[in-house]
$ cat entry15.txt   # compact mmCIF, C-alpha atoms
# COMPACT_ATOMS: atom_id res chain seq x y z
CA MET Z 1 1.60 -9.93 -52.16
CA VAL Z 2 0.30 -11.10 -55.56
CA PRO Z 3 -1.49 -14.48 -55.40
CA PRO Z 4 0.32 -17.25 -57.38
CA GLN Z 5 -2.71 -17.86 -59.61
CA GLU Z 6 -2.88 -14.19 -60.59
CA LEU Z 7 0.88 -14.03 -61.16
CA HIS Z 8 0.74 -17.10 -63.40
CA PHE Z 9 -2.17 -15.60 -65.39
CA THR Z 10 -0.28 -12.30 -65.83
CA LEU Z 11 2.85 -14.09 -67.05
CA MET Z 12 0.92 -16.21 -69.54
CA GLN Z 13 -0.95 -13.13 -70.77
CA ASN Z 14 2.33 -11.30 -71.44
CA LEU Z 15 4.27 -14.30 -72.79
CA PRO Z 16 4.02 -13.22 -76.48
CA LEU Z 17 5.27 -9.75 -75.54
CA LEU Z 18 8.19 -11.24 -73.61
CA CYS Z 19 9.14 -13.46 -76.55
CA ILE Z 20 8.99 -10.53 -79.00
CA SER Z 21 11.11 -8.41 -76.65
CA LEU Z 22 13.70 -11.15 -76.28
CA PHE Z 23 13.86 -11.69 -80.05
CA SER Z 24 14.19 -7.91 -80.65
CA VAL Z 25 17.05 -7.63 -78.17
CA PHE Z 26 18.86 -10.49 -79.90
CA ILE Z 27 18.40 -8.89 -83.35
CA LEU Z 28 19.71 -5.53 -82.06
CA TYR Z 29 22.67 -7.31 -80.48
CA SER Z 30 23.45 -9.09 -83.78
CA ILE Z 31 23.26 -5.83 -85.76
CA ALA Z 32 25.47 -4.00 -83.25
CA LYS Z 33 28.00 -6.81 -83.31
CA ARG Z 34 28.02 -6.79 -87.11
CA LYS Z 35 28.57 -3.02 -87.24
CA SER Z 36 31.40 -3.16 -84.72
CA SER Z 37 33.17 -5.84 -86.76
CA SER Z 38 32.74 -3.83 -89.97
CA LYS Z 39 34.64 -0.90 -88.40
CA ASN Z 40 37.72 -3.12 -88.17
CA PRO Z 41 37.71 -4.97 -91.49
CA GLU Z 42 40.12 -7.86 -91.95
CA LYS Z 43 41.06 -9.82 -95.01
CA LEU Z 44 38.46 -12.56 -94.67
CA ILE Z 45 38.10 -15.99 -96.19
CA PRO Z 46 35.48 -16.14 -99.01
CA SER Z 47 32.01 -16.40 -97.52
CA PRO Z 48 28.47 -16.32 -98.95
CA PRO Z 49 26.14 -13.56 -97.67
CA LYS Z 50 24.47 -14.48 -94.39
CA LEU Z 51 21.15 -13.61 -92.80
CA PRO Z 52 20.72 -12.18 -89.29
CA LEU Z 53 20.31 -14.78 -86.57
CA ILE Z 54 20.50 -17.92 -88.76
CA GLY Z 55 23.66 -17.06 -90.72
CA ASN Z 56 24.00 -19.47 -93.67
CA LEU Z 57 21.69 -22.18 -92.34
CA HIS Z 58 19.15 -21.40 -95.07
CA GLN Z 59 21.71 -22.49 -97.69
CA ILE Z 60 22.16 -25.97 -96.22
CA SER Z 61 19.69 -28.70 -97.20
CA SER Z 62 19.15 -32.08 -95.54
CA LEU Z 63 21.77 -33.43 -97.98
CA TYR Z 64 24.31 -31.05 -96.48
CA HIS Z 65 27.35 -32.64 -98.16
CA ARG Z 66 25.86 -31.69 -101.54
CA SER Z 67 25.04 -28.17 -100.34
CA LEU Z 68 28.62 -27.69 -99.12
CA TYR Z 69 29.98 -29.04 -102.41
CA SER Z 70 27.81 -26.63 -104.43
CA LEU Z 71 28.91 -23.68 -102.31
CA SER Z 72 32.58 -24.70 -102.61
CA LEU Z 73 32.32 -24.56 -106.41
CA LYS Z 74 31.40 -20.88 -106.10
CA TYR Z 75 33.48 -19.77 -103.12
CA GLY Z 76 36.49 -22.06 -103.38
CA PRO Z 77 38.01 -24.96 -101.41
CA LEU Z 78 38.33 -22.79 -98.29
CA MET Z 79 35.21 -20.85 -97.27
CA LEU Z 80 33.66 -19.43 -94.14
CA LEU Z 81 30.05 -20.24 -93.23
CA HIS Z 82 28.03 -19.15 -90.22
CA PHE Z 83 25.67 -21.72 -88.74
CA GLY Z 84 23.64 -19.53 -86.42
CA GLU Z 85 26.14 -17.66 -84.22
CA VAL Z 86 29.02 -20.07 -84.82
CA PRO Z 87 31.56 -19.60 -87.65
CA TRP Z 88 32.69 -22.72 -89.53
CA LEU Z 89 35.61 -23.00 -91.92
CA ILE Z 90 34.73 -25.45 -94.70
CA VAL Z 91 37.71 -27.27 -96.24
CA SER Z 92 36.85 -29.02 -99.52
CA SER Z 93 40.11 -30.01 -101.23
CA SER Z 94 42.86 -32.50 -100.45
CA ASP Z 95 45.54 -29.77 -100.43
CA MET Z 96 43.64 -27.63 -97.95
CA ALA Z 97 42.75 -30.67 -95.84
CA TYR Z 98 46.45 -31.63 -95.72
CA ALA Z 99 47.33 -28.10 -94.60
CA VAL Z 100 44.72 -28.19 -91.83
CA MET Z 101 45.20 -31.77 -90.63
CA ARG Z 102 48.96 -32.21 -91.10
CA THR Z 103 50.86 -28.94 -91.62
CA HIS Z 104 48.90 -27.02 -88.96
CA ASP Z 105 47.81 -30.05 -86.96
CA LEU Z 106 48.50 -28.49 -83.54
CA THR Z 107 46.46 -25.39 -84.38
CA PHE Z 108 43.43 -27.50 -85.27
CA ALA Z 109 43.97 -30.30 -82.76
CA SER Z 110 41.04 -29.70 -80.39
CA ARG Z 111 37.46 -30.77 -81.01
CA PRO Z 112 34.66 -28.22 -80.53
CA SER Z 113 32.69 -28.70 -77.35
CA ALA Z 114 29.01 -29.62 -77.68
CA ALA Z 115 26.25 -30.05 -75.12
CA VAL Z 116 25.83 -33.80 -75.63
CA THR Z 117 29.53 -34.66 -75.97
CA GLU Z 118 30.39 -32.74 -72.80
CA ILE Z 119 27.96 -34.97 -70.90
CA LEU Z 120 28.80 -38.32 -72.51
CA ARG Z 121 32.50 -38.18 -73.29
CA TYR Z 122 33.98 -39.02 -69.81
CA GLY Z 123 37.21 -37.25 -70.79
CA ASP Z 124 37.81 -39.58 -73.74
CA VAL Z 125 40.35 -39.37 -76.56
CA ALA Z 126 37.95 -38.25 -79.31
CA PHE Z 127 36.62 -35.06 -77.69
CA GLU Z 128 39.26 -34.21 -75.09
CA PRO Z 129 40.87 -30.78 -75.78
CA TYR Z 130 44.48 -30.97 -76.95
CA ASN Z 131 46.42 -31.19 -73.69
CA GLU Z 132 48.62 -33.53 -71.65
CA ASP Z 133 45.68 -35.76 -70.71
CA ARG Z 134 44.74 -36.30 -74.35
CA ARG Z 135 48.32 -37.16 -75.30
CA MET Z 136 48.44 -39.66 -72.44
CA LEU Z 137 45.10 -41.27 -73.40
CA LYS Z 138 46.09 -41.49 -77.06
CA LYS Z 139 49.36 -43.15 -76.07
CA ILE Z 140 47.46 -45.73 -73.98
CA PHE Z 141 45.14 -46.47 -76.89
CA THR Z 142 47.88 -46.85 -79.52
CA ILE Z 143 50.48 -48.69 -77.40
CA HIS Z 144 48.55 -50.73 -74.84
CA LEU Z 145 45.16 -51.37 -76.47
CA MET Z 146 45.46 -51.19 -80.26
CA SER Z 147 49.08 -51.97 -81.14
CA ALA Z 148 49.66 -54.32 -84.09
CA LYS Z 149 50.67 -57.11 -81.71
CA LYS Z 150 47.56 -56.61 -79.57
CA VAL Z 151 45.22 -56.52 -82.59
CA ASN Z 152 46.75 -59.76 -83.90
CA SER Z 153 46.14 -61.38 -80.51
CA TYR Z 154 42.39 -60.91 -81.04
CA LYS Z 155 42.49 -62.97 -84.24
CA THR Z 156 40.89 -66.05 -82.63
CA ILE Z 157 38.03 -63.96 -81.23
CA ARG Z 158 37.32 -62.39 -84.63
CA GLU Z 159 37.35 -65.72 -86.46
CA GLU Z 160 35.14 -67.43 -83.86
CA GLU Z 161 32.56 -64.64 -84.03
CA VAL Z 162 32.63 -64.61 -87.84
CA GLY Z 163 31.90 -68.34 -87.70
CA ASN Z 164 28.99 -67.67 -85.33
CA LEU Z 165 27.67 -64.98 -87.72
CA ILE Z 166 27.80 -67.36 -90.69
CA ASP Z 167 25.93 -70.00 -88.66
CA LYS Z 168 23.24 -67.44 -87.76
CA ILE Z 169 22.83 -66.39 -91.40
CA ARG Z 170 22.65 -70.04 -92.48
CA ASN Z 171 20.00 -70.83 -89.84
CA HIS Z 172 17.97 -67.73 -90.74
CA ALA Z 173 18.09 -68.74 -94.41
CA ILE Z 174 16.78 -72.23 -93.58
CA LEU Z 175 13.99 -70.95 -91.31
CA SER Z 176 12.94 -68.02 -93.51
CA SER Z 177 11.87 -70.28 -96.41
CA GLY Z 178 13.24 -67.95 -99.06
CA ASN Z 179 12.18 -64.68 -97.40
CA PRO Z 180 14.70 -61.80 -97.14
CA ILE Z 181 17.06 -61.81 -94.16
CA GLU Z 182 17.64 -58.55 -92.27
CA LEU Z 183 21.43 -58.44 -92.16
CA ARG Z 184 21.52 -55.16 -90.23
CA LYS Z 185 20.49 -56.74 -86.92
CA LEU Z 186 22.82 -59.69 -87.42
CA LEU Z 187 25.77 -57.41 -88.22
CA PHE Z 188 25.07 -55.22 -85.20
CA SER Z 189 24.88 -58.31 -82.98
CA PHE Z 190 28.14 -59.61 -84.49
CA MET Z 191 30.01 -56.36 -83.78
CA ILE Z 192 28.74 -56.23 -80.20
CA ASP Z 193 29.89 -59.82 -79.60
CA VAL Z 194 33.38 -59.10 -80.97
CA ILE Z 195 33.88 -55.86 -79.06
CA CYS Z 196 32.44 -57.26 -75.82
CA ARG Z 197 34.97 -60.10 -75.88
CA VAL Z 198 37.86 -57.77 -76.74
CA VAL Z 199 36.88 -55.21 -74.08
CA SER Z 200 35.79 -57.49 -71.24
CA GLY Z 201 36.37 -61.12 -72.16
CA LYS Z 202 33.11 -63.05 -71.95
CA PHE Z 203 31.76 -61.26 -68.87
CA ILE Z 204 29.23 -59.02 -70.66
CA ILE Z 205 27.84 -61.88 -72.77
CA GLU Z 206 27.75 -64.34 -69.85
CA LYS Z 207 26.00 -61.87 -67.54
CA GLU Z 208 23.35 -61.08 -70.17
CA ARG Z 209 24.32 -57.42 -70.41
CA TYR Z 210 24.06 -57.59 -74.19
CA ALA Z 211 20.61 -55.92 -74.40
CA ILE Z 212 21.62 -53.06 -72.08
CA LEU Z 213 24.79 -52.39 -74.08
CA GLN Z 214 22.87 -52.39 -77.36
CA GLU Z 215 20.38 -49.86 -75.98
CA VAL Z 216 22.98 -47.40 -74.65
CA VAL Z 217 25.11 -47.63 -77.83
CA GLU Z 218 22.08 -46.95 -80.04
CA GLU Z 219 20.95 -44.09 -77.77
CA ASN Z 220 24.44 -42.55 -77.98
CA SER Z 221 24.22 -42.59 -81.78
CA ARG Z 222 20.79 -40.94 -81.69
CA LEU Z 223 21.91 -38.24 -79.25
CA PHE Z 224 25.08 -37.39 -81.19
CA GLY Z 225 23.02 -37.08 -84.37
CA GLN Z 226 20.35 -34.75 -82.95
CA PHE Z 227 20.23 -30.98 -83.24
CA SER Z 228 21.39 -29.10 -80.15
CA ILE Z 229 20.37 -25.45 -80.03
CA GLY Z 230 23.37 -24.55 -77.86
CA ASP Z 231 25.81 -25.76 -80.53
CA VAL Z 232 24.40 -23.31 -83.09
CA PHE Z 233 23.17 -20.53 -80.81
CA PRO Z 234 25.44 -20.50 -77.71
CA SER Z 235 23.54 -17.46 -76.39
CA PHE Z 236 20.46 -19.67 -76.06
CA SER Z 237 22.19 -22.72 -74.59
CA TRP Z 238 20.09 -22.26 -71.43
CA LEU Z 239 17.09 -23.47 -73.46
CA GLU Z 240 18.63 -26.97 -73.46
CA ARG Z 241 17.09 -27.69 -70.06
CA PHE Z 242 13.61 -27.16 -71.52
CA ILE Z 243 14.16 -28.93 -74.85
CA GLY Z 244 15.33 -32.09 -73.12
CA LEU Z 245 18.39 -33.18 -75.15
CA SER Z 246 20.75 -32.65 -72.21
CA ARG Z 247 18.30 -34.45 -69.93
CA LYS Z 248 18.27 -37.47 -72.28
CA ALA Z 249 22.08 -37.41 -72.43
CA ASN Z 250 22.30 -37.38 -68.62
CA ILE Z 251 19.90 -40.33 -68.39
CA ASN Z 252 22.01 -42.32 -70.86
CA LYS Z 253 25.18 -41.37 -69.01
CA LYS Z 254 23.72 -42.82 -65.79
CA ARG Z 255 23.04 -46.07 -67.67
CA TRP Z 256 26.63 -46.09 -68.96
CA ASP Z 257 27.84 -45.48 -65.39
CA LEU Z 258 25.91 -48.43 -64.00
CA PHE Z 259 27.11 -50.64 -66.86
CA PHE Z 260 30.79 -49.67 -66.52
CA GLU Z 261 30.79 -49.86 -62.72
CA GLU Z 262 29.41 -53.40 -62.83
CA VAL Z 263 31.97 -54.47 -65.45
CA ILE Z 264 34.92 -52.81 -63.66
CA GLN Z 265 33.90 -54.17 -60.24
CA ALA Z 266 33.63 -57.71 -61.63
CA HIS Z 267 37.13 -57.49 -63.12
CA VAL Z 268 38.56 -56.09 -59.86
CA GLU Z 269 37.03 -58.97 -57.87
CA ARG Z 270 38.27 -61.64 -60.28
CA ASN Z 271 41.74 -60.06 -60.56
CA GLU Z 272 42.75 -62.43 -63.35
CA GLY Z 273 45.12 -60.04 -65.11
CA GLY Z 274 43.75 -60.88 -68.54
CA ASP Z 275 44.59 -59.26 -71.86
CA ASN Z 276 41.21 -57.60 -72.48
CA PHE Z 277 40.81 -53.81 -72.41
CA VAL Z 278 39.33 -53.59 -68.90
CA ASP Z 279 42.09 -55.68 -67.29
CA ILE Z 280 44.82 -53.74 -69.13
CA LEU Z 281 43.39 -50.35 -68.09
CA LEU Z 282 42.92 -51.45 -64.46
CA SER Z 283 46.52 -52.69 -64.44
CA LEU Z 284 47.74 -49.29 -65.70
CA LYS Z 285 45.55 -47.50 -63.16
CA SER Z 286 46.99 -49.48 -60.25
CA ASN Z 287 50.57 -49.14 -61.52
CA SER Z 288 52.26 -46.55 -59.27
CA SER Z 289 55.00 -45.96 -61.85
CA PHE Z 290 52.47 -44.95 -64.50
CA ASN Z 291 52.41 -41.15 -64.71
CA PRO Z 292 50.12 -39.23 -64.82
CA ASP Z 293 47.60 -41.23 -62.80
CA LEU Z 294 44.75 -42.77 -64.78
CA THR Z 295 41.33 -41.88 -63.33
CA VAL Z 296 38.19 -44.05 -63.32
CA ASN Z 297 36.45 -41.52 -65.59
CA GLN Z 298 39.31 -41.75 -68.10
CA VAL Z 299 39.04 -45.55 -68.03
CA LYS Z 300 35.32 -45.18 -68.82
CA GLY Z 301 36.15 -42.68 -71.59
CA LEU Z 302 38.56 -45.10 -73.27
CA LEU Z 303 36.00 -47.91 -73.00
CA ILE Z 304 33.20 -45.80 -74.48
CA ASP Z 305 35.53 -44.89 -77.38
CA ALA Z 306 36.18 -48.60 -77.94
CA PHE Z 307 32.45 -49.39 -77.99
CA ALA Z 308 31.58 -46.41 -80.22
CA ALA Z 309 34.37 -46.95 -82.77
CA GLY Z 310 34.28 -50.74 -82.65
CA ILE Z 311 30.52 -51.28 -82.79
CA ASP Z 312 28.75 -48.33 -84.39
CA THR Z 313 31.39 -47.18 -86.88
CA THR Z 314 32.39 -50.64 -88.12
CA TYR Z 315 28.80 -51.88 -88.31
CA VAL Z 316 27.79 -48.85 -90.42
CA ILE Z 317 30.65 -49.45 -92.88
CA VAL Z 318 29.80 -53.15 -93.31
CA ASP Z 319 26.09 -52.34 -93.64
CA TRP Z 320 26.75 -49.79 -96.40
CA ALA Z 321 29.20 -52.14 -98.14
CA MET Z 322 26.46 -54.78 -98.41
CA CYS Z 323 24.00 -52.16 -99.73
CA GLU Z 324 26.47 -50.98 -102.38
CA LEU Z 325 27.22 -54.56 -103.47
CA ILE Z 326 23.50 -55.32 -103.85
CA LYS Z 327 23.14 -52.17 -105.97
CA ASN Z 328 26.13 -53.24 -108.14
CA PRO Z 329 25.67 -56.94 -109.05
CA ILE Z 330 28.61 -56.97 -111.49
CA ILE Z 331 31.01 -55.89 -108.73
CA MET Z 332 29.42 -58.41 -106.34
CA LYS Z 333 29.91 -61.21 -108.86
CA LYS Z 334 33.57 -60.31 -109.41
CA LEU Z 335 34.17 -60.15 -105.65
CA LYS Z 336 32.48 -63.54 -105.06
CA GLU Z 337 34.61 -65.14 -107.78
CA GLU Z 338 37.80 -63.78 -106.21
CA VAL Z 339 36.83 -64.92 -102.69
CA ILE Z 340 35.77 -68.41 -103.87
CA GLY Z 341 39.01 -68.74 -105.86
CA ILE Z 342 41.10 -68.12 -102.74
CA VAL Z 343 38.98 -69.81 -100.07
CA LYS Z 344 38.04 -72.76 -102.33
CA HIS Z 345 36.22 -75.44 -100.29
CA ARG Z 346 36.69 -73.89 -96.86
CA ASP Z 347 33.71 -72.36 -95.02
CA MET Z 348 35.33 -69.11 -93.96
CA VAL Z 349 37.83 -66.44 -95.00
CA THR Z 350 40.76 -66.35 -92.55
CA THR Z 351 42.89 -63.37 -91.55
CA GLU Z 352 45.72 -64.68 -93.75
CA ASP Z 353 43.37 -64.81 -96.76
CA LEU Z 354 42.58 -61.09 -96.48
CA ASN Z 355 46.07 -60.15 -97.68
CA LYS Z 356 45.43 -62.09 -100.91
CA ILE Z 357 42.01 -60.60 -101.72
CA GLY Z 358 42.99 -57.30 -103.34
CA TYR Z 359 39.58 -56.63 -104.86
CA LEU Z 360 37.89 -56.94 -101.44
CA ARG Z 361 40.24 -54.31 -100.00
CA ALA Z 362 39.40 -52.04 -102.92
CA VAL Z 363 35.65 -52.49 -102.27
CA ILE Z 364 36.10 -51.64 -98.58
CA LYS Z 365 38.16 -48.52 -99.37
CA GLU Z 366 35.59 -47.38 -101.93
CA THR Z 367 32.78 -47.92 -99.41
CA ILE Z 368 34.57 -45.81 -96.81
CA ALA Z 369 35.15 -43.08 -99.40
CA TYR Z 370 31.48 -42.93 -100.45
CA GLN Z 371 29.67 -43.83 -97.24
CA LYS Z 372 31.69 -42.50 -94.33
CA PRO Z 373 30.33 -43.46 -90.89
CA SER Z 374 28.85 -40.87 -88.53
CA TYR Z 375 29.45 -37.35 -89.84
CA PRO Z 376 31.13 -37.39 -93.27
CA ILE Z 377 33.39 -34.56 -92.17
CA ALA Z 378 35.66 -34.16 -89.17
CA ALA Z 379 35.29 -31.12 -86.94
CA SER Z 380 38.18 -29.37 -85.24
CA GLU Z 381 38.55 -26.14 -83.32
CA GLY Z 382 41.29 -23.60 -83.87
CA ILE Z 383 43.34 -22.73 -80.78
CA ASP Z 384 45.96 -20.38 -82.20
CA GLY Z 385 45.69 -16.58 -82.48
CA ARG Z 386 42.85 -15.32 -84.65
CA MET Z 387 41.70 -18.90 -85.24
CA ARG Z 388 40.51 -19.17 -81.62
CA ASN Z 389 36.86 -20.25 -81.24
CA LYS Z 390 36.49 -20.99 -84.96
CA ARG Z 391 35.22 -24.42 -85.94
CA PHE Z 392 36.41 -26.35 -88.97
CA TYR Z 393 35.00 -29.03 -91.23
CA CYS Z 394 37.19 -31.04 -93.60
CA SER Z 395 35.07 -32.72 -96.28
$ encode --input "entry15.txt" --output "structure tokens"
Amino acid sequence: MVPPQELHFTLMQNLPLLCISLFSVFILYSIAKRKSSSKNPEKLIPSPPKLPLIGNLHQISSLYHRSLYSLSLKYGPLMLLHFGEVPWLIVSSSDMAYAVMRTHDLTFASRPSAAVTEILRYGDVAFEPYNEDRRMLKKIFTIHLMSAKKVNSYKTIREEEVGNLIDKIRNHAILSSGNPIELRKLLFSFMIDVICRVVSGKFIIEKERYAILQEVVEENSRLFGQFSIGDVFPSFSWLERFIGLSRKANINKKRWDLFFEEVIQAHVERNEGGDNFVDILLSLKSNSSFNPDLTVNQVKGLLIDAFAAGIDTTYVIVDWAMCELIKNPIIMKKLKEEVIGIVKHRDMVTTEDLNKIGYLRAVIKETIAYQKPSYPIAASEGIDGRMRNKRFYCS
């Protein structure tokens, strides 16, 4: 029997050779796969030449939206790129986007699976494959949680928290003695306060769970934005356990679990039957006539979607809107004049005022067009015929 120390030394001594052998096998596999596909040529979508192993990754810069735009000028509004082993269909015109997202919506309805999303999604609406569960969850979201009547019922919460935000900005301005105020933290705090009250009433704020929620939301954003080797090279997805991204995602999921279990348990014990998200979802879960049955994991998935969309996405849009206004003082001046003309001597813009401020709506729409939150393109996965296992980006 070989002693462990000697075995370890032998392995370390031959590690470079093992790596070279593994890399060579992968290259030979890629070449063989390419030759086999060339024997059965199909009419393919325009695609730039790709390199072995990395595909078209070398043609994508850190400003990837500009790289994709430049390539689309040469290869057209519909082109095929290979990011590592994974093919991506890039859609770069409104007509093509309409065809993908409306005309052939069912074909492109599912989201591609990814290492981090598989861990963190809890069977939510955003990343659930197109099936009966997803249709049920989407129905719950649109009818029971985010209907026009329900959104209007949160008007008081929104206006109260906007008032609190204005007070915070005013106090910071007084205490800062003319120094700049970091709006980013205040906006993030504002969005958390609004969503916490909509999702769980005042429980999260009262129980001082604010800091924990902020940490897990920010960690989710970081994890979703990081490179995962398994998403580009599925053959090497086993390396995830050594790189640590999946481990970090599992740690954050445990923190989400503890947070949600405490919130859900508190609502079960109080049994007040309120109109916040948690009470509504628990009511649906306990309703025997509701079919199919709603699971605890699906409740968590809907809640995590509410936190992600309500806090991170909205906060990013408002943050970028302020940046764009500071960069464009003429537009800011015109917007201020319109708001002051409608609000007059009142301290705050009300929900009713928003319908009268046309220029503000135009500024928000322009901000969304130029500075889209999260990824500036939506990914879908084809599930029909030859489109199976292809991923799609609509820019």
$ residues_around --input "entry15.txt" --residues "region 320-337 of chain Z" --least-positions-apart "2" --cutoff "12 Å" --atoms "all atoms listed in the file" --output "VMD selection string"
chain Z and resid 182 to 184 187 313 to 318 339 to 344 349 357 to 373
$ atom_distance --input "entry15.txt" --atom1 "CA of Glu160 (chain Z)" --atom2 "CA of Ala266 (chain Z)"
24.3 Å
$ closest_residue --input "entry15.txt" --among "Z:Val278, Z:Ile174, Z:Leu68, Z:Leu213" --to "Arg255 (chain Z)" --atoms "all atoms listed in the file"
Z:Leu213
$ atom_distance --input "entry15.txt" --atom1 "CA of Ile280 (chain Z)" --atom2 "CA of Val217 (chain Z)"
22.4 Å
$ atom_distance --input "entry15.txt" --atom1 "CA of Ser237 (chain Z)" --atom2 "CA of Leu44 (chain Z)"
27.8 Å
$ residues_near_point --input "entry15.txt" --point "(24.4, -36.9, -75.4)" --cutoff "8 Å" --atoms "only C-alpha atoms" --output "ChimeraX atom specification"
/Z:115-120,220,223-224,245-246,248-250,252-253
$ closest_residue --input "entry15.txt" --among "Z:Glu219, Z:Glu272, Z:Glu161, Z:Asp347" --to "Val198 (chain Z)" --atoms "only C-alpha atoms"
Z:Glu161
$ axis_aligned_box --input "entry15.txt" --around "region 212-229 of chain Z" --padding-each-side "3 Å" --output "lines of an AutoDock Vina configuration file"
center_x = 22.7
center_y = -39.3
center_z = -78.2
size_x = 10.9
size_y = 33.6
size_z = 18.3
$ closest_residue --input "entry15.txt" --among "Z:His58, Z:His267, Z:Lys185, Z:Arg66" --to "Val199 (chain Z)" --atoms "only C-alpha atoms"
Z:His267
$ closest_residue --input "entry15.txt" --among "Z:Phe242, Z:Phe260, Z:Phe233, Z:Phe277" --to "Glu85 (chain Z)" --atoms "only C-alpha atoms"
Z:Phe233
$ closest_residue --input "entry15.txt" --among "Z:Lys149, Z:Phe307, Z:Asp353, Z:Ile140" --to "Leu282 (chain Z)" --atoms "only C-alpha atoms"
Z:Ile140
$ closest_residue --input "entry15.txt" --among "Z:Leu284, Z:Asn271, Z:Pro234, Z:Ile311" --to "Val216 (chain Z)" --atoms "all atoms listed in the file"
Z:Ile311
$ residues_around --input "entry15.txt" --residues "Pro46 (chain Z)" --least-positions-apart "2" --cutoff "12 Å" --atoms "all atoms listed in the file" --output "mmCIF file with C-alpha atoms, keeping the file's coordinate frame"
data_model
loop_
_atom_site.group_PDB
_atom_site.id
_atom_site.type_symbol
_atom_site.label_atom_id
_atom_site.label_comp_id
_atom_site.auth_asym_id
_atom_site.auth_seq_id
_atom_site.Cartn_x
_atom_site.Cartn_y
_atom_site.Cartn_z
ATOM 1 C CA GLU Z 42 40.120 -7.860 -91.950
ATOM 2 C CA LYS Z 43 41.060 -9.820 -95.010
ATOM 3 C CA LEU Z 44 38.460 -12.560 -94.670
ATOM 4 C CA PRO Z 48 28.470 -16.320 -98.950
ATOM 5 C CA PRO Z 49 26.140 -13.560 -97.670
ATOM 6 C CA LEU Z 71 28.910 -23.680 -102.310
ATOM 7 C CA SER Z 72 32.580 -24.700 -102.610
ATOM 8 C CA LEU Z 73 32.320 -24.560 -106.410
ATOM 9 C CA LYS Z 74 31.400 -20.880 -106.100
ATOM 10 C CA TYR Z 75 33.480 -19.770 -103.120
ATOM 11 C CA GLY Z 76 36.490 -22.060 -103.380
ATOM 12 C CA PRO Z 77 38.010 -24.960 -101.410
ATOM 13 C CA LEU Z 78 38.330 -22.790 -98.290
ATOM 14 C CA MET Z 79 35.210 -20.850 -97.270
ATOM 15 C CA LEU Z 80 33.660 -19.430 -94.140
ATOM 16 C CA LEU Z 81 30.050 -20.240 -93.230
ATOM 17 C CA HIS Z 82 28.030 -19.150 -90.220
ATOM 18 C CA TRP Z 88 32.690 -22.720 -89.530
ATOM 19 C CA LEU Z 89 35.610 -23.000 -91.920
ATOM 20 C CA ILE Z 90 34.730 -25.450 -94.700
ATOM 21 C CA VAL Z 91 37.710 -27.270 -96.240
#
